[in-house]
$ cat final_3.csv   # CSV, C-alpha atoms
chain,number,residue,atom,x,y,z
D,438,MET,CA,-11.3,-135.9,157.4
D,439,LEU,CA,-15.1,-135.6,157.9
D,440,ASP,CA,-16.0,-132.2,156.6
D,441,THR,CA,-18.9,-130.8,158.5
D,442,SER,CA,-18.7,-127.2,157.1
D,443,ILE,CA,-21.6,-127.6,154.8
D,444,GLY,CA,-24.1,-129.1,157.1
D,445,PRO,CA,-24.5,-131.2,160.1
D,446,VAL,CA,-24.5,-134.5,158.2
D,447,PRO,CA,-21.4,-135.2,156.2
D,448,LEU,CA,-21.4,-136.9,152.8
D,449,GLN,CA,-19.7,-139.9,154.3
D,450,ALA,CA,-22.6,-140.6,156.6
D,451,TYR,CA,-24.9,-141.2,153.6
D,452,LEU,CA,-22.2,-143.3,151.9
D,453,ILE,CA,-21.9,-145.5,155.0
D,454,VAL,CA,-25.7,-146.0,155.2
D,455,ALA,CA,-25.7,-146.9,151.5
D,456,ALA,CA,-22.8,-149.3,151.9
D,457,PHE,CA,-24.6,-151.1,154.8
D,458,LEU,CA,-27.8,-151.3,152.8
D,459,PHE,CA,-25.9,-152.7,149.8
D,460,CYS,CA,-24.1,-155.3,151.8
D,461,THR,CA,-27.3,-156.4,153.5
D,462,GLY,CA,-28.9,-156.8,150.1
D,463,VAL,CA,-26.0,-158.9,148.8
D,464,TRP,CA,-26.2,-161.2,151.8
D,465,GLY,CA,-29.9,-161.6,151.4
D,466,LEU,CA,-29.5,-162.2,147.7
D,467,ILE,CA,-27.0,-165.0,148.4
D,468,ASN,CA,-28.7,-166.6,151.4
D,469,SER,CA,-32.4,-166.4,151.0
D,470,ARG,CA,-34.3,-169.5,149.9
D,471,ASN,CA,-37.6,-167.8,149.2
D,472,ALA,CA,-37.5,-166.4,145.7
D,473,VAL,CA,-39.6,-163.4,146.6
D,474,ARG,CA,-37.0,-162.4,149.2
D,475,VAL,CA,-34.4,-162.5,146.5
D,476,LEU,CA,-36.3,-159.9,144.6
D,477,MET,CA,-36.6,-157.8,147.8
D,478,SER,CA,-32.9,-158.0,148.3
D,479,ILE,CA,-32.3,-156.8,144.7
D,480,GLU,CA,-34.6,-153.8,145.5
D,481,LEU,CA,-32.5,-153.1,148.6
D,482,MET,CA,-29.3,-153.0,146.6
D,483,LEU,CA,-30.9,-150.7,144.0
D,484,ASN,CA,-31.9,-148.4,146.7
D,485,ALA,CA,-28.4,-148.3,148.1
D,486,VAL,CA,-27.1,-147.3,144.7
D,487,ASN,CA,-29.8,-144.6,144.6
D,488,ILE,CA,-28.8,-143.2,147.9
D,489,ASN,CA,-25.2,-142.9,146.7
D,490,LEU,CA,-26.2,-141.2,143.5
D,491,MET,CA,-28.5,-138.7,145.3
D,492,SER,CA,-25.9,-137.9,148.0
D,493,PHE,CA,-23.2,-137.2,145.4
D,494,SER,CA,-25.6,-135.2,143.4
D,495,SER,CA,-26.5,-133.1,146.4
D,496,TYR,CA,-23.0,-132.6,147.8
D,497,ILE,CA,-20.7,-132.5,144.8
D,498,ASP,CA,-22.9,-131.7,141.8
D,499,GLY,CA,-25.4,-129.4,143.5
D,500,SER,CA,-26.0,-127.1,140.6
D,501,ILE,CA,-26.5,-129.6,137.7
D,502,ILE,CA,-28.0,-132.6,139.7
D,503,ARG,CA,-27.2,-135.2,137.1
D,504,GLY,CA,-27.3,-137.8,139.9
D,505,GLN,CA,-31.0,-137.1,140.5
D,506,VAL,CA,-31.8,-137.6,136.9
D,507,PHE,CA,-29.8,-140.8,136.9
D,508,SER,CA,-31.6,-142.1,140.0
D,509,ILE,CA,-34.9,-141.5,138.3
D,510,PHE,CA,-33.7,-143.8,135.5
D,511,VAL,CA,-32.6,-146.3,138.1
D,512,ILE,CA,-36.1,-146.2,139.7
D,513,THR,CA,-37.7,-146.8,136.3
D,514,VAL,CA,-35.5,-149.8,135.5
D,515,ALA,CA,-36.1,-151.1,139.0
D,516,ALA,CA,-39.8,-151.0,138.5
D,517,ALA,CA,-39.5,-152.8,135.2
D,518,GLU,CA,-37.2,-155.4,136.7
D,519,ALA,CA,-39.6,-156.0,139.6
D,520,ALA,CA,-42.5,-156.6,137.2
D,521,VAL,CA,-40.6,-159.0,135.0
D,522,GLY,CA,-39.0,-160.8,137.9
D,523,LEU,CA,-42.3,-161.4,139.6
D,524,ALA,CA,-43.9,-162.6,136.4
D,525,ILE,CA,-41.0,-165.0,135.9
D,526,LEU,CA,-41.5,-166.1,139.5
D,527,LEU,CA,-45.2,-166.8,139.0
D,528,SER,CA,-44.6,-168.9,135.9
D,529,LEU,CA,-41.9,-170.8,137.7
D,530,TYR,CA,-44.3,-171.4,140.6
D,531,ARG,CA,-46.8,-172.8,138.1
D,532,ASN,CA,-44.4,-175.2,136.7
D,533,ARG,CA,-42.5,-176.4,139.7
D,534,VAL,CA,-45.0,-175.7,142.5
D,535,THR,CA,-42.3,-174.4,144.8
D,536,ILE,CA,-40.5,-171.2,145.5
D,537,ASP,CA,-37.4,-172.7,147.1
D,538,MET,CA,-34.4,-171.4,145.4
D,539,GLU,CA,-32.5,-174.6,145.9
D,540,SER,CA,-34.9,-176.5,143.7
D,541,PHE,CA,-34.4,-174.2,140.7
D,542,ASN,CA,-31.4,-176.1,139.5
D,543,LEU,CA,-32.4,-176.8,135.9
D,544,LEU,CA,-29.4,-174.9,134.5
D,545,LYS,CA,-26.9,-176.3,137.0
D,546,TRP,CA,-24.0,-177.9,135.4
E,105,MET,CA,-25.4,-125.4,166.5
E,106,ASN,CA,-28.8,-123.9,165.8
E,107,ILE,CA,-32.1,-125.7,165.7
E,108,ALA,CA,-32.1,-126.4,162.0
E,109,TYR,CA,-28.8,-128.2,162.2
E,110,SER,CA,-29.9,-130.4,165.1
E,111,THR,CA,-33.2,-131.2,163.5
E,112,GLU,CA,-31.5,-132.3,160.4
E,113,LEU,CA,-29.0,-134.4,162.3
E,114,ILE,CA,-31.8,-136.0,164.4
E,115,CYS,CA,-33.8,-136.7,161.2
E,116,PHE,CA,-30.8,-138.3,159.6
E,117,LEU,CA,-30.1,-140.5,162.6
E,118,ILE,CA,-33.6,-141.7,162.9
E,119,LEU,CA,-33.9,-142.4,159.1
E,120,SER,CA,-30.6,-144.2,158.9
E,121,SER,CA,-31.4,-146.4,161.9
E,122,VAL,CA,-34.8,-147.2,160.4
E,123,ILE,CA,-33.0,-148.1,157.1
E,124,ILE,CA,-30.3,-150.3,158.7
E,125,SER,CA,-32.6,-152.2,161.1
E,126,GLY,CA,-35.3,-152.5,158.5
E,127,SER,CA,-33.0,-153.9,155.9
E,128,LEU,CA,-31.6,-156.4,158.4
E,129,ALA,CA,-35.2,-157.4,159.3
E,130,VAL,CA,-36.2,-157.8,155.7
E,131,VAL,CA,-33.3,-160.2,155.1
E,132,LEU,CA,-33.5,-162.1,158.4
E,133,LEU,CA,-37.1,-162.4,159.4
E,134,GLU,CA,-38.8,-165.8,158.8
E,135,ASN,CA,-42.2,-164.5,157.9
E,136,ILE,CA,-42.1,-163.1,154.4
E,137,VAL,CA,-45.2,-160.9,154.9
E,138,TYR,CA,-43.4,-159.0,157.7
E,139,SER,CA,-40.4,-158.7,155.4
E,140,ALA,CA,-42.6,-157.2,152.6
E,141,PHE,CA,-44.1,-154.6,154.9
E,142,LEU,CA,-40.8,-153.7,156.5
E,143,LEU,CA,-39.4,-153.3,153.0
E,144,GLY,CA,-42.1,-150.6,152.5
E,145,GLY,CA,-40.8,-148.9,155.6
E,146,VAL,CA,-37.3,-149.0,154.3
E,147,PHE,CA,-38.4,-147.4,151.1
E,148,MET,CA,-40.2,-144.7,153.0
E,149,ALA,CA,-37.1,-144.0,155.1
E,150,VAL,CA,-35.0,-143.8,151.9
E,151,ALA,CA,-37.5,-141.3,150.6
E,152,GLY,CA,-37.0,-139.3,153.8
E,153,LEU,CA,-33.2,-139.3,153.1
E,154,TYR,CA,-33.9,-137.9,149.7
E,155,LEU,CA,-35.9,-135.1,151.3
E,156,LEU,CA,-33.0,-134.3,153.5
E,157,LEU,CA,-30.8,-134.1,150.4
E,158,ASN,CA,-33.1,-131.4,148.8
E,159,ALA,CA,-34.6,-133.7,146.3
E,160,SER,CA,-38.4,-133.5,146.7
E,161,PHE,CA,-39.2,-134.8,143.3
E,162,VAL,CA,-37.2,-137.9,143.5
E,163,ALA,CA,-38.6,-138.5,147.0
E,164,ALA,CA,-42.1,-138.3,145.6
E,165,ALA,CA,-41.1,-140.6,142.8
E,166,GLN,CA,-39.6,-143.1,145.2
E,167,ILE,CA,-42.8,-143.2,147.3
E,168,LEU,CA,-45.0,-143.5,144.3
E,169,VAL,CA,-43.0,-146.1,142.5
E,170,TYR,CA,-41.4,-148.2,145.2
E,171,VAL,CA,-44.0,-148.0,148.0
E,172,GLY,CA,-47.0,-147.7,145.7
E,173,ALA,CA,-46.0,-150.1,142.9
E,174,VAL,CA,-43.1,-152.3,143.6
E,175,ASN,CA,-44.0,-153.1,147.2
E,176,VAL,CA,-47.7,-153.8,146.3
E,177,LEU,CA,-46.4,-156.0,143.4
E,178,ILE,CA,-44.3,-158.0,145.9
E,179,LEU,CA,-47.3,-158.4,148.2
E,180,PHE,CA,-49.3,-159.6,145.3
E,181,ALA,CA,-46.6,-162.1,144.5
E,182,ILE,CA,-46.5,-163.3,148.1
E,183,MET,CA,-50.3,-163.8,148.0
E,184,LEU,CA,-50.2,-165.7,144.7
E,185,VAL,CA,-47.4,-168.1,145.7
E,186,ASN,CA,-48.5,-168.3,149.3
E,187,LYS,CA,-47.9,-171.9,150.2
E,188,LYS,CA,-46.6,-173.0,153.6
E,189,GLU,CA,-43.7,-174.9,152.4
E,190,LYS,CA,-41.4,-177.0,154.5
E,191,LEU,CA,-38.0,-176.3,153.1
E,192,LYS,CA,-35.7,-179.2,152.9
E,193,PRO,CA,-32.7,-178.8,155.1
E,194,ILE,CA,-29.5,-178.7,153.1
E,195,GLU,CA,-26.2,-179.6,154.5
E,196,GLY,CA,-23.6,-176.9,155.1
E,197,LEU,CA,-26.1,-174.1,155.4
E,198,LYS,CA,-24.5,-172.7,158.4
E,199,THR,CA,-21.1,-172.6,156.9
E,200,ARG,CA,-22.5,-171.1,153.7
E,201,ARG,CA,-24.1,-168.4,155.7
E,202,LEU,CA,-21.0,-167.7,157.7
E,203,ILE,CA,-18.8,-167.6,154.6
E,204,SER,CA,-21.1,-165.3,152.7
E,205,GLY,CA,-21.5,-163.2,155.9
E,206,GLY,CA,-17.7,-162.9,156.0
E,207,ILE,CA,-17.5,-161.9,152.4
E,208,CYS,CA,-20.3,-159.3,152.8
E,209,GLY,CA,-18.6,-157.9,155.9
E,210,GLY,CA,-15.4,-157.6,154.0
E,211,LEU,CA,-17.2,-155.8,151.2
E,212,LEU,CA,-18.7,-153.5,153.8
E,213,ILE,CA,-15.3,-152.7,155.4
E,214,LEU,CA,-13.9,-152.1,151.9
E,215,LEU,CA,-16.7,-149.7,151.0
E,216,LEU,CA,-16.4,-147.9,154.4
E,217,ARG,CA,-12.7,-147.5,154.0
E,218,VAL,CA,-13.1,-146.1,150.4
E,219,SER,CA,-15.9,-143.7,151.4
E,220,ILE,CA,-14.1,-142.4,154.4
E,221,SER,CA,-10.5,-142.2,153.2
E,222,THR,CA,-11.2,-140.7,149.8
E,223,LYS,CA,-10.8,-137.0,149.5
E,224,TRP,CA,-14.1,-136.0,147.9
E,225,ASN,CA,-14.2,-132.7,146.1
E,226,LEU,CA,-16.1,-131.0,148.9
E,227,PRO,CA,-17.7,-128.6,149.1
E,228,GLY,CA,-19.1,-128.5,145.6
E,229,PRO,CA,-21.3,-125.8,144.1
E,230,PRO,CA,-24.2,-124.8,146.3
E,231,SER,CA,-27.3,-126.9,146.1
E,232,ILE,CA,-30.1,-125.5,144.1
E,233,GLY,CA,-32.7,-126.7,146.5
E,234,GLU,CA,-36.3,-126.4,145.4
E,235,GLU,CA,-35.4,-125.6,141.8
E,236,ALA,CA,-34.3,-129.2,141.4
E,237,THR,CA,-37.7,-130.3,139.9
E,238,GLU,CA,-37.5,-127.8,137.1
E,239,ARG,CA,-33.9,-128.7,136.5
E,240,ILE,CA,-34.8,-132.4,136.3
E,241,GLY,CA,-37.4,-131.5,133.7
E,242,GLU,CA,-34.9,-129.6,131.6
E,243,HIS,CA,-32.5,-132.4,131.8
E,244,LEU,CA,-35.1,-135.0,130.8
E,245,PHE,CA,-36.1,-133.1,127.7
E,246,THR,CA,-32.7,-131.8,126.5
E,247,ASP,CA,-29.6,-133.8,127.2
E,248,TYR,CA,-31.1,-136.9,128.6
E,249,LEU,CA,-33.9,-137.2,126.0
E,250,LEU,CA,-32.6,-140.4,124.5
E,251,PRO,CA,-32.3,-142.3,127.8
E,252,PHE,CA,-35.8,-141.0,128.7
E,253,GLU,CA,-37.3,-142.4,125.5
E,254,LEU,CA,-35.4,-145.6,125.9
E,255,ALA,CA,-36.8,-145.9,129.5
E,256,SER,CA,-40.3,-145.5,128.2
E,257,ILE,CA,-39.7,-148.2,125.6
E,258,LEU,CA,-38.2,-150.4,128.3
E,259,LEU,CA,-41.3,-149.9,130.5
E,260,LEU,CA,-43.5,-150.9,127.6
E,261,MET,CA,-41.4,-154.0,126.9
E,262,ALA,CA,-41.5,-154.9,130.6
E,263,MET,CA,-45.2,-154.5,130.8
E,264,ILE,CA,-45.8,-156.7,127.7
E,265,GLY,CA,-43.2,-159.2,128.9
E,266,ALA,CA,-44.8,-159.5,132.3
E,267,ILE,CA,-48.2,-160.1,130.8
E,268,VAL,CA,-46.9,-162.7,128.5
E,269,LEU,CA,-44.9,-164.5,131.2
E,270,ALA,CA,-47.6,-164.5,133.8
E,271,ARG,CA,-50.4,-165.5,131.5
E,272,ARG,CA,-52.1,-168.7,132.4
E,273,ASP,CA,-52.3,-170.5,129.1
E,274,ILE,CA,-48.5,-170.8,128.5
E,275,GLN,CA,-47.7,-174.5,128.8
E,276,ILE,CA,-44.5,-175.1,126.9
E,277,ALA,CA,-43.6,-178.4,128.5
E,278,SER,CA,-47.1,-179.9,128.5
E,279,ASN,CA,-47.0,-181.9,125.3
E,280,ALA,CA,-43.3,-181.9,124.4
E,281,GLY,CA,-40.8,-183.9,126.4
E,282,ASN,CA,-41.7,-183.5,130.0
E,283,GLU,CA,-38.7,-184.8,131.7
E,284,PHE,CA,-37.8,-181.7,133.8
E,285,ASN,CA,-41.4,-181.1,134.9
E,286,ASN,CA,-41.7,-183.4,137.7
E,287,GLU,CA,-44.7,-182.0,139.5
E,288,LYS,CA,-48.0,-181.7,137.9
E,289,PRO,CA,-48.7,-178.1,136.8
E,290,LEU,CA,-51.3,-176.1,138.6
E,291,ILE,CA,-53.1,-175.2,135.5
E,292,ASP,CA,-56.2,-177.1,134.9
E,293,LYS,CA,-58.1,-174.7,132.7
E,294,LYS,CA,-56.7,-172.7,129.8
E,295,ILE,CA,-57.8,-169.1,129.6
E,296,PRO,CA,-56.6,-167.8,126.2
E,297,LEU,CA,-55.8,-164.2,126.1
E,298,LEU,CA,-55.1,-163.9,122.4
E,299,SER,CA,-56.9,-165.7,119.7
E,300,GLU,CA,-55.6,-169.1,118.5
E,301,ASN,CA,-54.3,-167.8,115.2
E,302,SER,CA,-52.1,-165.2,116.8
E,303,LEU,CA,-50.3,-167.7,118.9
E,304,LYS,CA,-49.0,-169.6,115.9
$ encode --input "final_3.csv" --output "C-alpha cells"
Amino acid sequence: MLDTSIGPVPLQAYLIVAAFLFCTGVWGLINSRNAVRVLMSIELMLNAVNINLMSFSSYIDGSIIRGQVFSIFVITVAAAEAAVGLAILLSLYRNRVTIDMESFNLLKW
Amino acid sequence: MNIAYSTELICFLILSSVIISGSLAVVLLENIVYSAFLLGGVFMAVAGLYLLLNASFVAAAQILVYVGAVNVLILFAIMLVNKKEKLKPIEGLKTRRLISGGICGGLLILLLRVSISTKWNLPGPPSIGEEATERIGEHLFTDYLLPFELASILLLMAMIGAIVLARRDIQIASNAGNEFNNEKPLIDKKIPLLSENSLK
C-alpha cells in the first residue's frame, strides 16, 4: 500500500502531515476567541494545502511541476489575505476596543 | 538503506514532528506572543519539507513571505492590539470545544483514510530537481501569465485596501447613528492621509 520504491518517505506521509495541520487549523479557527489567533489558524490551513500541492507536484507531476507554481500563487494570496485581515482587525479594534471574537456579533441574526 | 535515505527519513521525521507539535501549540497556548513565534517555527519547518521535496525556490519564497512578512505582520498586529483582556466566560464552551474537536477528528480520519487507501499514480515521471526554479520561471511567463498578472493586481489591491482600512481618520459611525458603537472609539486625533477634497 505504501510505496517506498522512490524514496524513504512515501507520498502518504506528507499527506498525513498536511491533513493533521489542516485539522488543527480548522479547530483553531472555530475555537479561538482571540481574533489574531483566527488569522494564524487560517495561515496554518493554507500551509497544509501548500504541503499537499508540493508533495503531489514532486511525486506525481515531477517533470512539469504545476503544483509548485500553484503554491506560489497560494503564498501570494495568503500574503494579501493576511494584510487585509490584519487591517480589518485593527479597524475593528479601534471601533469596539476588543478582540474577543464573541463580541463581534453585529451581523448575527 | 544508505546514508542519504536515512538522513532524509530523519529530516522528515524531525520536521513533521515540529510541524505537528508547533501547530498544536499555536492553537492551544494561552499567550498569543508564544503562538506567533511558534507559528514562525512551523513556517520554517514547512519550508524544510519543501526542501526535502526538491523545491528550493518555493522554500525560499515560503521563508521570505511567511516568516519574513506574514509572521512579522502578525506580531505587529499583536503589538497594536495588545490589551490584557479578561474574556467573559461563555456557557457551553467545553461542549463546544468537544463537539468541534470531534468534528475535526472525524475530518482528520476521513482525510487519512482517503490519502492512504487511494491508489495514487506512483511513481510519476522523475523529479527535475534543481531545474525547478527555471521551470517555474518558464511557467510564470508562458502558460500561467494571466494568473501571474492577476496576482500582482491582487497584491496592489490588497496593499491599497490595507492602507485604507487601517488608516486612522476613518470614522464612519462617528456622526451618523451610533447605536452599534457602544464603546468610545480610541481615536482622539484625526490624521488625514489624503486631502479633504479627495475624500468627498
$ residues_around --input "final_3.csv" --residues "Ile479 in chain D" --least-positions-apart "5" --cutoff "10 Å" --atoms "only C-alpha atoms" --output "JSON list (two decimals) with C-alpha atoms, keeping the file's coordinate frame"
[["chain", "number", "residue", "atom", "x", "y", "z"],
["D", 459, "PHE", "CA", -25.90, -152.70, 149.80],
["D", 462, "GLY", "CA", -28.90, -156.80, 150.10],
["D", 463, "VAL", "CA", -26.00, -158.90, 148.80],
["D", 465, "GLY", "CA", -29.90, -161.60, 151.40],
["D", 466, "LEU", "CA", -29.50, -162.20, 147.70],
["D", 474, "ARG", "CA", -37.00, -162.40, 149.20],
["D", 484, "ASN", "CA", -31.90, -148.40, 146.70],
["D", 485, "ALA", "CA", -28.40, -148.30, 148.10],
["D", 515, "ALA", "CA", -36.10, -151.10, 139.00],
["D", 518, "GLU", "CA", -37.20, -155.40, 136.70],
["D", 519, "ALA", "CA", -39.60, -156.00, 139.60]]
$ residues_near_point --input "final_3.csv" --point "(-36.7, -145.7, 162.6)" --cutoff "12 Å" --atoms "only C-alpha atoms" --output "list in words"
Ile114, Cys115, Phe116, Leu117, Ile118, Leu119, Ser120, Ser121, Val122, Ile123, Ile124, Ser125, Gly126, Ser127, Leu142, Gly145, Val146, Phe147, Met148, Ala149, Val150, Gly152 and Leu153 of chain E
$ write_last_selection --input "final_3.csv" --atoms "C-alpha atoms" --output "CSV table (one decimal), in the frame of the given file"
chain,number,residue,atom,x,y,z
E,114,ILE,CA,-31.8,-136.0,164.4
E,115,CYS,CA,-33.8,-136.7,161.2
E,116,PHE,CA,-30.8,-138.3,159.6
E,117,LEU,CA,-30.1,-140.5,162.6
E,118,ILE,CA,-33.6,-141.7,162.9
E,119,LEU,CA,-33.9,-142.4,159.1
E,120,SER,CA,-30.6,-144.2,158.9
E,121,SER,CA,-31.4,-146.4,161.9
E,122,VAL,CA,-34.8,-147.2,160.4
E,123,ILE,CA,-33.0,-148.1,157.1
E,124,ILE,CA,-30.3,-150.3,158.7
E,125,SER,CA,-32.6,-152.2,161.1
E,126,GLY,CA,-35.3,-152.5,158.5
E,127,SER,CA,-33.0,-153.9,155.9
E,142,LEU,CA,-40.8,-153.7,156.5
E,145,GLY,CA,-40.8,-148.9,155.6
E,146,VAL,CA,-37.3,-149.0,154.3
E,147,PHE,CA,-38.4,-147.4,151.1
E,148,MET,CA,-40.2,-144.7,153.0
E,149,ALA,CA,-37.1,-144.0,155.1
E,150,VAL,CA,-35.0,-143.8,151.9
E,152,GLY,CA,-37.0,-139.3,153.8
E,153,LEU,CA,-33.2,-139.3,153.1
$ residues_around --input "final_3.csv" --residues "Val511 in chain D" --least-positions-apart "5" --cutoff "9 Å" --atoms "only C-alpha atoms" --output "list in words"
Leu483, Asn484, Val486, Asn487, Val506 and Ala516 of chain D
$ closest_residue --input "final_3.csv" --among "E:Gly210, E:Val131, E:Ala151, E:Glu195" --to "chain D" --atoms "only C-alpha atoms"
E:Val131
$ build_atoms --input "final_3.csv" --residues "range 474-496 of chain D" --atoms "N, CA and C atoms" --output "PDB file, in the coordinates of the input"
ATOM      1  N   ARG D 474     -38.005-163.178 148.406  1.00  0.00           N
ATOM      2  CA  ARG D 474     -37.000-162.400 149.200  1.00  0.00           C
ATOM      3  C   ARG D 474     -35.804-162.072 148.402  1.00  0.00           C
ATOM      4  N   VAL D 475     -35.474-162.894 147.423  1.00  0.00           N
ATOM      5  CA  VAL D 475     -34.400-162.500 146.500  1.00  0.00           C
ATOM      6  C   VAL D 475     -34.678-161.258 145.777  1.00  0.00           C
ATOM      7  N   LEU D 476     -35.924-161.149 145.300  1.00  0.00           N
ATOM      8  CA  LEU D 476     -36.300-159.900 144.600  1.00  0.00           C
ATOM      9  C   LEU D 476     -36.272-158.731 145.550  1.00  0.00           C
ATOM     10  N   MET D 477     -36.689-158.954 146.804  1.00  0.00           N
ATOM     11  CA  MET D 477     -36.600-157.800 147.800  1.00  0.00           C
ATOM     12  C   MET D 477     -35.202-157.414 148.017  1.00  0.00           C
ATOM     13  N   SER D 478     -34.284-158.369 148.064  1.00  0.00           N
ATOM     14  CA  SER D 478     -32.900-158.000 148.300  1.00  0.00           C
ATOM     15  C   SER D 478     -32.336-157.201 147.102  1.00  0.00           C
ATOM     16  N   ILE D 479     -32.776-157.560 145.893  1.00  0.00           N
ATOM     17  CA  ILE D 479     -32.300-156.800 144.700  1.00  0.00           C
ATOM     18  C   ILE D 479     -32.825-155.346 144.848  1.00  0.00           C
ATOM     19  N   GLU D 480     -34.074-155.191 145.319  1.00  0.00           N
ATOM     20  CA  GLU D 480     -34.600-153.800 145.500  1.00  0.00           C
ATOM     21  C   GLU D 480     -33.773-153.070 146.527  1.00  0.00           C
ATOM     22  N   LEU D 481     -33.368-153.750 147.600  1.00  0.00           N
ATOM     23  CA  LEU D 481     -32.500-153.100 148.600  1.00  0.00           C
ATOM     24  C   LEU D 481     -31.231-152.586 147.992  1.00  0.00           C
ATOM     25  N   MET D 482     -30.595-153.428 147.163  1.00  0.00           N
ATOM     26  CA  MET D 482     -29.300-153.000 146.600  1.00  0.00           C
ATOM     27  C   MET D 482     -29.521-151.835 145.630  1.00  0.00           C
ATOM     28  N   LEU D 483     -30.613-151.854 144.869  1.00  0.00           N
ATOM     29  CA  LEU D 483     -30.900-150.700 144.000  1.00  0.00           C
ATOM     30  C   LEU D 483     -31.081-149.439 144.764  1.00  0.00           C
ATOM     31  N   ASN D 484     -31.745-149.571 145.930  1.00  0.00           N
ATOM     32  CA  ASN D 484     -31.900-148.400 146.700  1.00  0.00           C
ATOM     33  C   ASN D 484     -30.648-147.854 147.302  1.00  0.00           C
ATOM     34  N   ALA D 485     -29.721-148.758 147.642  1.00  0.00           N
ATOM     35  CA  ALA D 485     -28.400-148.300 148.100  1.00  0.00           C
ATOM     36  C   ALA D 485     -27.692-147.507 147.065  1.00  0.00           C
ATOM     37  N   VAL D 486     -27.731-148.014 145.838  1.00  0.00           N
ATOM     38  CA  VAL D 486     -27.100-147.300 144.700  1.00  0.00           C
ATOM     39  C   VAL D 486     -27.735-145.930 144.553  1.00  0.00           C
ATOM     40  N   ASN D 487     -29.066-145.891 144.697  1.00  0.00           N
ATOM     41  CA  ASN D 487     -29.800-144.600 144.600  1.00  0.00           C
ATOM     42  C   ASN D 487     -29.367-143.629 145.632  1.00  0.00           C
ATOM     43  N   ILE D 488     -29.186-144.109 146.853  1.00  0.00           N
ATOM     44  CA  ILE D 488     -28.800-143.200 147.900  1.00  0.00           C
ATOM     45  C   ILE D 488     -27.395-142.606 147.589  1.00  0.00           C
ATOM     46  N   ASN D 489     -26.490-143.454 147.075  1.00  0.00           N
ATOM     47  CA  ASN D 489     -25.200-142.900 146.700  1.00  0.00           C
ATOM     48  C   ASN D 489     -25.297-141.863 145.615  1.00  0.00           C
ATOM     49  N   LEU D 490     -26.078-142.156 144.578  1.00  0.00           N
ATOM     50  CA  LEU D 490     -26.200-141.200 143.500  1.00  0.00           C
ATOM     51  C   LEU D 490     -26.785-139.878 143.990  1.00  0.00           C
ATOM     52  N   MET D 491     -27.811-139.964 144.851  1.00  0.00           N
ATOM     53  CA  MET D 491     -28.500-138.700 145.300  1.00  0.00           C
ATOM     54  C   MET D 491     -27.530-137.937 146.217  1.00  0.00           C
ATOM     55  N   SER D 492     -26.743-138.636 147.074  1.00  0.00           N
ATOM     56  CA  SER D 492     -25.900-137.900 148.000  1.00  0.00           C
ATOM     57  C   SER D 492     -24.761-137.196 147.200  1.00  0.00           C
ATOM     58  N   PHE D 493     -24.187-137.896 146.222  1.00  0.00           N
ATOM     59  CA  PHE D 493     -23.200-137.200 145.400  1.00  0.00           C
ATOM     60  C   PHE D 493     -23.755-136.075 144.636  1.00  0.00           C
ATOM     61  N   SER D 494     -24.965-136.271 144.119  1.00  0.00           N
ATOM     62  CA  SER D 494     -25.600-135.200 143.400  1.00  0.00           C
ATOM     63  C   SER D 494     -25.861-133.982 144.228  1.00  0.00           C
ATOM     64  N   SER D 495     -26.168-134.214 145.507  1.00  0.00           N
ATOM     65  CA  SER D 495     -26.500-133.100 146.400  1.00  0.00           C
ATOM     66  C   SER D 495     -25.214-132.394 146.889  1.00  0.00           C
ATOM     67  N   TYR D 496     -24.171-133.172 147.167  1.00  0.00           N
ATOM     68  CA  TYR D 496     -23.000-132.600 147.800  1.00  0.00           C
ATOM     69  C   TYR D 496     -21.968-132.085 146.828  1.00  0.00           C
TER      70      TYR D 496
END
